[in-house]
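Scroll down for the structure; my scribbles are underneath it.
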Amino acid sequence: MSDNEENKYAINAKGVSFRYQEGTLALNDVTFHARHGEFVALLASNGSGKTTLLKALAGLIKPQYGKILIDGDDINSMSSKELYSKTGIVIQNPDDQLFGATVREDVAFGPRNMDLSEDEVETRVKEALEGVGAGRLGKRAIQHLSFGEKKKVAVAGVLAMRPNILILDEPTAGLDPAGEASMMRLLSRLNRECRVTVILATHSVDMLPLFADRIFVLSEGRVLKSGPAADIFTDHEMIEQAKLRLPYISSLLHEMKRLDGVPINGLPLTIGEARKRMLELIPEDILIKQLDKKSHE
């Protein structure tokens with residue numbers, strides 16, 4: 001791969017392997033990359049090595065084999081200050097990441113350690129909290145936050161350092177459906193509007209077709225497949241091998257097609273796609289009558 005090809009990636013892991021001291025091989029010759037401004041999902045079941053891979057991508061651990069490049073530069077040649085200005089990681093449990101007395105103090109910790117002026121720190125804190133929809137929480141004590149609020153503040157603490165790459169481990173874990181949707185919309189907005197490269201690890205499949213540009217499936221420390229959601233979720237054998245499942249809407253329509261012979265075109269991954277496919281099955285004269293009825297109501 002030429003230098004120009006490597007530079008098009010925000011982050012590029014090549015042949016990465018990592019074994020823990022007790023002997024567990026967590027990553028086995030993993031190749032992974034994300035382009036600038038891309039939303040990439042790492043889909044994996046528990047024990048697959050996803051958290052280890054995220055830690056390696058963020059520079060928290062050093063693989064025994066392979067290399068990781070950020071903007072074409074080897075991560076091992078970068079200073080800590082340079083590395084953490086480019087990448088930020090949000091771990092699964094916010095209680096393990098938040099340690100300030102108040103929300104504002106916690107979010108200010110990273111910028112202060114970048115030797116910024118207090119005016120710049122204040123600007124970044126305000127910007128980050130407003131960016132995650134938590135501007136009103138600045139004076140709140142950390143222990144008085146809900147779990148969902150803690151998740152948002154953890155993201156804000158990383159955003160205040162203005163990284164180009166945001167790495168998240170199970171950001172929707174422990175959230176109710178409304179909280180999960182809110183978190184995914186937040187990450188999508190950061191990705192689309194602010195051009196932050198998002199790398200998200202999860203075993204929850206239902207919302208990925210709506211947000212992810214590309215999905216890597218990881219199982220037992222190896223990448224089984226990568227590609228857009230349509231390619232990933234039509235490979236039923238691979239999904240089963242990775243101990244994952246189809247999105248619920250896809251599972252329903254797949255069973256209707258398999259067991260009931262419903263002639264559904266393709267395998268819809270979202271409710272919108274499913275609605276379109278189901279409407280295709282309704283005779284045109286019935287649709288016209290229904291539309292006429294609605295126009296007269």
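In the structure tokens, each chain is lettered A, B, ... as it comes, each chain's residues begin at 1, and ligands are numbered from 1 in order of appearance.
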
**Message:** Just list as a PyMOL selection string whatever in region 22-171 of chain A DSSP marks as strand (DSSP E or B).
**Reply:** chain A and resi 25-35+39-44+65-70+73-74+87-90+102+141+165-169

**Message:** I want to know what sits within 10 Å of Gln97 (chain A), based on only C-alpha atoms, with residues of the same chain fewer than 2 positions away left out; could you give that as a list in words?
**Reply:** Ile89, Val90, Ile91, Gln92, Asn93, Pro94, Asp95, Phe99, Gly100, Asp106, Lys150, Lys151, Val153, Ala154, Val155 and Gly157 of chain A

Prev. selection, N, CA and C atoms, output as a short mmCIF file (atom, residue, chain, number, x, y, z; two decimals), in the first residue's frame:
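After the write, result33.cif holds the following:
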data_model
loop_
_atom_site.label_atom_id
_atom_site.label_comp_id
_atom_site.auth_asym_id
_atom_site.auth_seq_id
_atom_site.Cartn_x
_atom_site.Cartn_y
_atom_site.Cartn_z
N ILE A 89 -11.21 7.88 23.61
CA ILE A 89 -11.94 6.64 23.83
C ILE A 89 -12.94 6.82 24.96
N VAL A 90 -14.14 6.28 24.77
CA VAL A 90 -15.18 6.25 25.78
C VAL A 90 -15.42 4.80 26.14
N ILE A 91 -15.12 4.43 27.38
CA ILE A 91 -15.24 3.04 27.79
C ILE A 91 -16.68 2.71 28.14
N GLN A 92 -16.94 1.42 28.33
CA GLN A 92 -18.33 0.96 28.47
C GLN A 92 -19.03 1.50 29.71
N ASN A 93 -18.36 1.45 30.85
CA ASN A 93 -18.99 1.88 32.10
C ASN A 93 -18.54 3.30 32.44
N PRO A 94 -19.44 4.29 32.38
CA PRO A 94 -19.03 5.67 32.64
C PRO A 94 -18.50 5.89 34.05
N ASP A 95 -18.91 5.05 35.00
CA ASP A 95 -18.41 5.19 36.37
C ASP A 95 -16.91 4.94 36.47
N PHE A 99 -14.53 11.04 37.17
CA PHE A 99 -13.96 11.11 38.53
C PHE A 99 -13.96 12.53 39.09
N GLY A 100 -14.42 13.52 38.35
CA GLY A 100 -14.50 14.87 38.86
C GLY A 100 -15.65 15.02 39.85
N ASP A 106 -15.13 17.58 35.60
CA ASP A 106 -14.73 16.36 34.92
C ASP A 106 -14.41 16.63 33.45
N LYS A 150 -24.62 10.17 32.62
CA LYS A 150 -23.20 9.86 32.79
C LYS A 150 -22.56 9.46 31.46
N LYS A 151 -23.30 8.71 30.65
CA LYS A 151 -22.79 8.31 29.34
C LYS A 151 -22.51 9.55 28.49
N VAL A 153 -21.94 12.64 29.52
CA VAL A 153 -20.84 13.43 30.09
C VAL A 153 -19.49 12.77 29.76
N ALA A 154 -19.45 11.45 29.76
CA ALA A 154 -18.22 10.75 29.39
C ALA A 154 -17.83 11.09 27.95
N VAL A 155 -18.82 11.13 27.06
CA VAL A 155 -18.55 11.53 25.67
C VAL A 155 -18.08 12.97 25.62
N GLY A 157 -16.48 14.67 27.87
CA GLY A 157 -15.12 14.77 28.38
C GLY A 157 -14.09 14.46 27.31
#

Set the distance at 8 Å and use only C-alpha atoms: which residues neighbour region 15-23 of chain A once local chain neighbours fewer than 5 positions away are removed? I'd like the list as a PDB file with N, CA and C atoms, in the first residue's frame.
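Result file is out-v2.pdb:
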ATOM      1  N   ASN A  28      -5.937 -11.767  16.749  1.00  0.00           N
ATOM      2  CA  ASN A  28      -5.138 -12.677  15.941  1.00  0.00           C
ATOM      3  C   ASN A  28      -5.090 -12.174  14.495  1.00  0.00           C
ATOM      4  N   ASP A  29      -4.038 -11.413  14.159  1.00  0.00           N
ATOM      5  CA  ASP A  29      -3.815 -10.936  12.803  1.00  0.00           C
ATOM      6  C   ASP A  29      -4.996 -10.100  12.291  1.00  0.00           C
ATOM      7  N   VAL A  30      -5.391  -9.113  13.088  1.00  0.00           N
ATOM      8  CA  VAL A  30      -6.553  -8.271  12.760  1.00  0.00           C
ATOM      9  C   VAL A  30      -6.144  -7.110  11.860  1.00  0.00           C
ATOM     10  N   THR A  31      -6.893  -6.932  10.795  1.00  0.00           N
ATOM     11  CA  THR A  31      -6.747  -5.769   9.927  1.00  0.00           C
ATOM     12  C   THR A  31      -8.053  -4.988   9.970  1.00  0.00           C
ATOM     13  N   LYS A  62      -0.197  -1.915  23.700  1.00  0.00           N
ATOM     14  CA  LYS A  62       0.665  -2.050  22.535  1.00  0.00           C
ATOM     15  C   LYS A  62       0.653  -3.501  22.058  1.00  0.00           C
ATOM     16  N   PRO A  63       0.185  -3.735  20.831  1.00  0.00           N
ATOM     17  CA  PRO A  63       0.162  -5.105  20.303  1.00  0.00           C
ATOM     18  C   PRO A  63       1.559  -5.694  20.176  1.00  0.00           C
ATOM     19  N   GLN A  64       1.641  -7.030  20.307  1.00  0.00           N
ATOM     20  CA  GLN A  64       2.939  -7.686  20.129  1.00  0.00           C
ATOM     21  C   GLN A  64       3.345  -7.758  18.664  1.00  0.00           C
ATOM     22  N   TYR A  65       2.334  -7.811  17.769  1.00  0.00           N
ATOM     23  CA  TYR A  65       2.606  -7.901  16.333  1.00  0.00           C
ATOM     24  C   TYR A  65       1.703  -6.924  15.582  1.00  0.00           C
ATOM     25  N   GLY A  66       2.160  -6.521  14.393  1.00  0.00           N
ATOM     26  CA  GLY A  66       1.391  -5.614  13.570  1.00  0.00           C
ATOM     27  C   GLY A  66       1.647  -4.167  13.930  1.00  0.00           C
ATOM     28  N   LYS A  67       0.981  -3.274  13.204  1.00  0.00           N
ATOM     29  CA  LYS A  67       1.145  -1.854  13.500  1.00  0.00           C
ATOM     30  C   LYS A  67      -0.167  -1.115  13.293  1.00  0.00           C
ATOM     31  N   ILE A  68      -0.260   0.029  13.957  1.00  0.00           N
ATOM     32  CA  ILE A  68      -1.440   0.882  13.873  1.00  0.00           C
ATOM     33  C   ILE A  68      -0.990   2.268  13.437  1.00  0.00           C
TER      34      ILE A  68
END

**alpha helix (DSSP H) residues, from DSSP on the backbone, in region 1-210 of chain A, as a PyMOL selection string** = chain A and resi 3-7+50-57+80-86+103-112+118-131+147-159+177-194+208-210

**Prompt:** Counting only C-alpha atoms, which of A:Met114, A:Ala173, A:Ile232, A:Ile167 gets nearest to Thr87 (chain A)?
**Reply:**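 Of A:Met114, A:Ala173, A:Ile232, A:Ile167, the one nearest Thr87 (chain A) is A:Ile167, counting only C-alpha atoms.
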
**Item:** Surrounding residues of region 72-76 of chain A excluding itself and chain neighbours under 4 positions, 12 Å, only C-alpha atoms, as an MDAnalysis selection string
**Value:** chainID A and resid 1:14 33:36 56:63 66:68 80:84 86:87

Let me see the file: selected residues, N, CA and C atoms, as a tab-separated table (two decimals), in the first residue's frame.
chain	number	residue	atom	x	y	z
A	1	MET	N	0.85	-1.20	0.00
A	1	MET	CA	0.00	0.00	0.00
A	1	MET	C	0.88	1.24	0.00
A	2	SER	N	0.59	2.18	-0.89
A	2	SER	CA	1.39	3.40	-1.00
A	2	SER	C	1.09	4.34	0.15
A	3	ASP	N	1.98	5.35	0.33
A	3	ASP	CA	1.77	6.35	1.38
A	3	ASP	C	0.46	7.10	1.17
A	4	ASN	N	0.13	7.42	-0.10
A	4	ASN	CA	-1.10	8.14	-0.38
A	4	ASN	C	-2.32	7.32	0.02
A	5	GLU	N	-2.27	6.01	-0.23
A	5	GLU	CA	-3.39	5.14	0.14
A	5	GLU	C	-3.53	5.06	1.66
A	6	GLU	N	-2.41	4.99	2.37
A	6	GLU	CA	-2.46	4.90	3.83
A	6	GLU	C	-2.97	6.20	4.44
A	7	ASN	N	-2.62	7.34	3.83
A	7	ASN	CA	-3.01	8.63	4.39
A	7	ASN	C	-4.51	8.90	4.26
A	8	LYS	N	-5.22	8.13	3.43
A	8	LYS	CA	-6.65	8.37	3.30
A	8	LYS	C	-7.42	7.80	4.49
A	9	TYR	N	-6.73	6.99	5.31
A	9	TYR	CA	-7.36	6.42	6.49
A	9	TYR	C	-7.10	7.27	7.72
A	10	ALA	N	-8.14	7.52	8.49
A	10	ALA	CA	-7.95	8.18	9.78
A	10	ALA	C	-7.18	7.25	10.70
A	11	ILE	N	-7.53	5.96	10.65
A	11	ILE	CA	-6.84	4.97	11.48
A	11	ILE	C	-6.77	3.67	10.70
A	12	ASN	N	-5.64	2.99	10.81
A	12	ASN	CA	-5.40	1.80	9.99
A	12	ASN	C	-4.58	0.80	10.80
A	13	ALA	N	-5.22	-0.32	11.16
A	13	ALA	CA	-4.54	-1.39	11.89
A	13	ALA	C	-4.22	-2.53	10.92
A	14	LYS	N	-2.98	-2.96	10.92
A	14	LYS	CA	-2.56	-3.97	9.95
A	14	LYS	C	-1.88	-5.14	10.67
A	33	HIS	N	-9.70	-0.71	9.43
A	33	HIS	CA	-9.43	0.68	9.10
A	33	HIS	C	-10.72	1.49	9.06
A	34	ALA	N	-10.58	2.78	9.26
A	34	ALA	CA	-11.68	3.73	9.16
A	34	ALA	C	-11.19	4.95	8.39
A	35	ARG	N	-11.97	5.36	7.40
A	35	ARG	CA	-11.61	6.55	6.63
A	35	ARG	C	-12.00	7.81	7.39
A	36	HIS	N	-11.44	8.93	6.98
A	36	HIS	CA	-11.77	10.21	7.60
A	36	HIS	C	-13.26	10.50	7.47
A	56	ALA	N	-6.20	-0.95	21.75
A	56	ALA	CA	-5.03	-0.88	20.88
A	56	ALA	C	-5.15	0.31	19.93
A	57	LEU	N	-6.34	0.53	19.37
A	57	LEU	CA	-6.54	1.65	18.45
A	57	LEU	C	-6.34	2.99	19.15
A	58	ALA	N	-6.69	3.04	20.44
A	58	ALA	CA	-6.55	4.28	21.21
A	58	ALA	C	-5.17	4.44	21.83
A	59	GLY	N	-4.30	3.46	21.65
A	59	GLY	CA	-2.94	3.55	22.18
A	59	GLY	C	-2.82	3.20	23.65
A	60	LEU	N	-3.85	2.57	24.23
A	60	LEU	CA	-3.80	2.21	25.65
A	60	LEU	C	-3.01	0.93	25.89
A	61	ILE	N	-2.95	0.09	24.87
A	61	ILE	CA	-2.11	-1.11	24.95
A	61	ILE	C	-1.31	-1.22	23.64
A	62	LYS	N	-0.20	-1.92	23.70
A	62	LYS	CA	0.67	-2.05	22.54
A	62	LYS	C	0.65	-3.50	22.06
A	63	PRO	N	0.19	-3.74	20.83
A	63	PRO	CA	0.16	-5.10	20.30
A	63	PRO	C	1.56	-5.69	20.18
A	66	GLY	N	2.16	-6.52	14.39
A	66	GLY	CA	1.39	-5.61	13.57
A	66	GLY	C	1.65	-4.17	13.93
A	67	LYS	N	0.98	-3.27	13.20
A	67	LYS	CA	1.15	-1.85	13.50
A	67	LYS	C	-0.17	-1.12	13.29
A	68	ILE	N	-0.26	0.03	13.96
A	68	ILE	CA	-1.44	0.88	13.87
A	68	ILE	C	-0.99	2.27	13.44
A	80	SER	N	2.30	11.10	23.70
A	80	SER	CA	0.98	10.94	24.33
A	80	SER	C	0.09	12.13	24.04
A	81	LYS	N	0.66	13.33	24.10
A	81	LYS	CA	-0.11	14.54	23.86
A	81	LYS	C	-0.64	14.57	22.44
A	82	GLU	N	0.19	14.19	21.48
A	82	GLU	CA	-0.23	14.17	20.08
A	82	GLU	C	-1.30	13.10	19.85
A	83	LEU	N	-1.09	11.94	20.46
A	83	LEU	CA	-2.02	10.83	20.29
A	83	LEU	C	-3.40	11.18	20.83
A	84	TYR	N	-3.44	11.74	22.04
A	84	TYR	CA	-4.73	12.01	22.67
A	84	TYR	C	-5.41	13.26	22.12
A	86	LYS	N	-5.64	13.45	18.91
A	86	LYS	CA	-6.23	12.90	17.69
A	86	LYS	C	-7.27	11.82	17.96
A	87	THR	N	-7.11	11.07	19.06
A	87	THR	CA	-8.04	9.99	19.37
A	87	THR	C	-8.59	10.16	20.78

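Residues lying within 7 Å of Phe216 (chain A), counting only C-alpha atoms and ignoring same-chain neighbours fewer than 5 positions away, are Ala41, Leu42, Leu43, Val223, Lys225, Ser226 and Gly227 of chain A.
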
Same residues, N, CA and C atoms, output as a short mmCIF file (atom, residue, chain, number, x, y, z; two decimals), in the first residue's frame:
data_model
loop_
_atom_site.label_atom_id
_atom_site.label_comp_id
_atom_site.auth_asym_id
_atom_site.auth_seq_id
_atom_site.Cartn_x
_atom_site.Cartn_y
_atom_site.Cartn_z
N ALA A 41 -18.69 0.53 12.52
CA ALA A 41 -19.12 -0.28 13.66
C ALA A 41 -18.30 -1.56 13.74
N LEU A 42 -17.95 -1.92 14.94
CA LEU A 42 -17.27 -3.18 15.21
C LEU A 42 -18.29 -4.07 15.92
N LEU A 43 -18.84 -5.02 15.18
CA LEU A 43 -19.92 -5.85 15.69
C LEU A 43 -19.34 -7.16 16.21
N VAL A 223 -11.22 -10.92 12.34
CA VAL A 223 -12.25 -10.27 11.53
C VAL A 223 -12.81 -11.31 10.56
N LYS A 225 -15.61 -10.67 8.56
CA LYS A 225 -16.08 -10.01 7.35
C LYS A 225 -16.21 -8.52 7.62
N SER A 226 -16.10 -7.71 6.57
CA SER A 226 -16.37 -6.28 6.68
C SER A 226 -17.10 -5.82 5.44
N GLY A 227 -17.91 -4.77 5.61
CA GLY A 227 -18.65 -4.25 4.48
C GLY A 227 -19.86 -3.48 4.94
#

Using only C-alpha atoms, which residues of region 42-129 of chain A come within 10 Å of region 233-250 of chain A, and what is the closest atom pair for each, with the distance in Å to one decimal? Give it as JSON lines, sorted by chain and residue number.
{"residue": "A:Leu43", "atom": "CA", "partner": "A:Leu244", "partner_atom": "CA", "distance": 8.5}
{"residue": "A:Ala44", "atom": "CA", "partner": "A:Ala242", "partner_atom": "CA", "distance": 7.1}
{"residue": "A:Ser45", "atom": "CA", "partner": "A:Lys243", "partner_atom": "CA", "distance": 6.5}
{"residue": "A:Asn46", "atom": "CA", "partner": "A:Lys243", "partner_atom": "CA", "distance": 9.3}
{"residue": "A:Ser48", "atom": "CA", "partner": "A:Ala242", "partner_atom": "CA", "distance": 8.7}

**Message:** Show me, as number ranges by chain, the residues that have an atom within 12 Å of Phe109 (chain A) when counting only C-alpha atoms, minus same-chain residues fewer than 2 positions from it.
**Reply:** A: 97-107, 111-116, 118, 121-122, 124-125, 154, 156-161
